[in-house]
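Asks: I am attaching a structure below and will ask some questions about it afterwards.
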Amino acid sequence: MGSWEDNVRKVVPYVPGEQPNQPDMIKLNTNENPYPPAPGVQKALSAMDAGQMRLYPDPASADLVHALADHYQVSPSQIFVGVGSDDVISMAFLTFFHGKKPVLFPDITYSFYEVWADVYRIPYRTIPLDDQFRICPEDYTLENGGIIFPNPNAPTGAAMNPEGVEQIIRQNPDSVVIVDEAYVDFGTASALPLLKKYDNLLVVQTFSKSRSMAGMRIGFAIGNEKLIRFMQDVKYSVNSYTMNRPSIFLGKAALQDDIYFRNTTRKIIETREWAKDELRKRGFHFADSKANFLFASHETVSAVKIFEGLRKRHIYVRYFNRPRIDNYLRITIGTKEQMQALFDALDEILR
Ligand SMILES: *Cc1c(COP(=O)(O)O)cnc(C)c1O
């Protein structure tokens, strides 16, 4: 036998939430939006011409970049788009975290960070959340080669105030600080205004959650021109045509309808606040989530038991068998009807 295996890049892959497909299921396990995308997206889809697909897409995704620039009131040269924010963050790791000092991120956070650090052989160090699952800005003063955290954090849902976010960026002028704002539209202040003051900030957002387009795979980063140019150099060295024609076209369409966007995010926020009361009544505790999910633990019944009970009833939530959080369930906020079905099932399981 040859020793080709010695030359293999070995990694422990990220495990995405399962994507079951039962007609009667209630899927609250991967933070998808329960509402369809803006009606303009369906219209744009119907107007698409398959004949165009023989042509490569615009490598710069200029139509989508310009629509984002208009929407967020920044220059197109400050925007990087990618195949979901996973692609965007992965490119940011590859671009900005090339030093010898460890990259810092919370111990309880989006578990993909550790996987990207591993696959790119980036040294990293995790910083524990406090006992109330909060990120403490004063902990991010160690020597580092970069910093990333989500705000609100995942899977806890807890948001940091703008002062805390700014403190981390200000304390680390020699590092790129990435703020992963996958859930920011559900009621947290964005770090985008800080771009005027700091050249080491990269803000990443996605169409997957608040814009109901997880299946389309559209994410973007906003930062100063120089950061974006460095990311583009790396991206064009890996794959020039990441964004396909439908993503560019339909992503642009999704940005046109702000009223629909605000209505659906408001409905999710209202359902979330109601769901907090309903969970509390049933003996759950949780961090005060500002995202489209709750991260909850029951006072007496184990998370695994609840997870299994829900699963039997075709209600899917997320369970992470990881230190500190192995008695918690992450529950995506669905429609009010879906959440009522969840509470009815919980009443049976907890009886
Ligand atoms: C969902 C999520 C992402 C990635 O979403 P994409 O679908 O790839 O845009 C990134 N970060 C966090 C914290 C998430 O929860």
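As shown in the structure tokens, the chain order sets the letters A, B, ...; within each chain, residues go from 1, and ligands are also counted from 1 in the order they appear.
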Distance limit 10 Å, reference ligand 1, atoms considered: only C-alpha atoms and all ligand atoms. Which residues make the cut? Give them as a ChimeraX atom specification.
Replies: /A:16,30-32,82-90,109-113,149-155,157,179-183,204-209,213-220,291-293
Asks: Determine which residues of range 57-185 of chain A DSSP labels as strand (DSSP E or B) from the backbone of this structure, then write them out as a VMD selection string.
Replies: chain A and resid 79 to 82 103 to 106 124 to 127 146 to 150 177 to 180
Asks: What's the separation between CA of Ala159 in chain A and CA of Val119 in chain A, in Å to one decimal place?
Replies: 28.3 Å
Asks: At most 7 Å is the cut-off: for each residue in range 8-52 of chain A with any atom that close to an atom of range 315-330 of chain A, write down the nearest atom pair and the distance in Å rounded to one decimal, counting only C-alpha atoms, chain first then increasing number, as JSON lines.
Replies:
{"residue": "A:Met25", "atom": "CA", "partner": "A:Ile315", "partner_atom": "CA", "distance": 5.9}
{"residue": "A:Ile26", "atom": "CA", "partner": "A:Ile315", "partner_atom": "CA", "distance": 4.7}
{"residue": "A:Lys27", "atom": "CA", "partner": "A:Tyr316", "partner_atom": "CA", "distance": 5.0}
{"residue": "A:Leu28", "atom": "CA", "partner": "A:Val317", "partner_atom": "CA", "distance": 4.9}
{"residue": "A:Asn29", "atom": "CA", "partner": "A:Val317", "partner_atom": "CA", "distance": 4.0}
Asks: Can those selected residues be exported to a file as a JSON list (two decimals), in the first residue's frame so that it contains N, CA and C atoms?
Replies:
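Final file, part_5.json:
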[["chain", "number", "residue", "atom", "x", "y", "z"],
["A", 25, "MET", "N", -43.81, 17.58, 8.74],
["A", 25, "MET", "CA", -42.83, 17.97, 9.75],
["A", 25, "MET", "C", -42.92, 19.45, 10.09],
["A", 26, "ILE", "N", -42.46, 19.77, 11.31],
["A", 26, "ILE", "CA", -42.30, 21.17, 11.69],
["A", 26, "ILE", "C", -40.81, 21.36, 11.91],
["A", 27, "LYS", "N", -40.20, 22.14, 11.06],
["A", 27, "LYS", "CA", -38.75, 22.19, 11.00],
["A", 27, "LYS", "C", -38.23, 23.45, 11.69],
["A", 28, "LEU", "N", -37.76, 23.26, 12.91],
["A", 28, "LEU", "CA", -37.27, 24.38, 13.71],
["A", 28, "LEU", "C", -35.81, 24.14, 14.10],
["A", 29, "ASN", "N", -35.04, 23.53, 13.19],
["A", 29, "ASN", "CA", -33.69, 23.10, 13.57],
["A", 29, "ASN", "C", -32.55, 23.82, 12.86]]
Asks: Could you find all residues in range 52-247 of chain A that DSSP calls helix (DSSP H, G or I) from the backbone, and write them as an MDAnalysis selection string?
Replies: chainID A and resid 52:54 62:72 76:78 84:96 112:119 137:139 162:171 184:186 192:196 214:216 225:235 245:247
Asks: Near Ala67 in chain A, within 8 Å and counting only C-alpha atoms, which residues show up once chain neighbours fewer than 4 positions away are dropped, as a list in words?
Replies: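 My reading of the contact set: Asp63, His71, Lys252 and Leu255 of chain A.
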Asks: Considering only C-alpha atoms, can you say which of A:Val238, A:Leu142, A:Val11, A:Val177 comes closest to Trp116 in chain A?
Replies: A:Val11
Asks: Excluding range 100-105 of chain A and any residue of its chain fewer than 6 positions from it, enumerate the residues within 7 Å of it, using only C-alpha atoms, and give them as a list in words.
Replies: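 Final neighbour list, sorted by chain and number: Pro123, Tyr124, Arg125, Thr126, Ile127, Glu143, Asn144, Gly145, Gly146, Ile147, Ile148 and Phe149 of chain A.
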Asks: What is the distance between CA of Pro34 in chain A and CA of Phe286 in chain A, in Å to one decimal?
Replies: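 One can read the CA of Pro34 in chain A to CA of Phe286 in chain A distance as 21.8 Å.
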Asks: Which residues, written as number ranges by chain, have at least one atom at most 12 Å from Ile269 in chain A, with only C-alpha atoms counted and residues fewer than 2 positions away on the same chain left out?
Replies: A: 33, 183-188, 210, 262-267, 271-276, 289-294, 332-336
Asks: Which is closest to Asp49 in chain A among A:Arg245, A:Arg211, A:Lys226, A:Val15, if we use only C-alpha atoms?
Replies: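 Closest to Asp49 in chain A, using only C-alpha atoms: A:Arg245.
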Asks: Taking only C-alpha atoms into account, produce a table as a tab-separated table in which each residue of range 147-219 of chain A with an atom at most 12 Å from an atom of range 74-79 of chain A appears once, together with its shortest atom pair and the distance in Å to one decimal, ordered by chain and rising number.
Replies:
residue	atom	partner	partner_atom	distance
A:Leu192	CA	A:Val74	CA	9.5
A:Pro193	CA	A:Val74	CA	10.2
A:Leu195	CA	A:Val74	CA	9.7
A:Lys196	CA	A:Val74	CA	10.2
A:Asp199	CA	A:Gln78	CA	11.2
A:Leu201	CA	A:Gln78	CA	11.4
A:Leu202	CA	A:Gln78	CA	9.7
A:Val203	CA	A:Ile79	CA	9.8
A:Val204	CA	A:Ile79	CA	9.8
A:Gln205	CA	A:Ile79	CA	10.9
A:Gly219	CA	A:Ile79	CA	10.5
Asks: Out of A:Arg134, A:Lys10, A:Lys312, A:Arg121, which residue has the shortest atom-to-atom distance to Pro106 in chain A when counting only C-alpha atoms?
Replies: A:Arg134
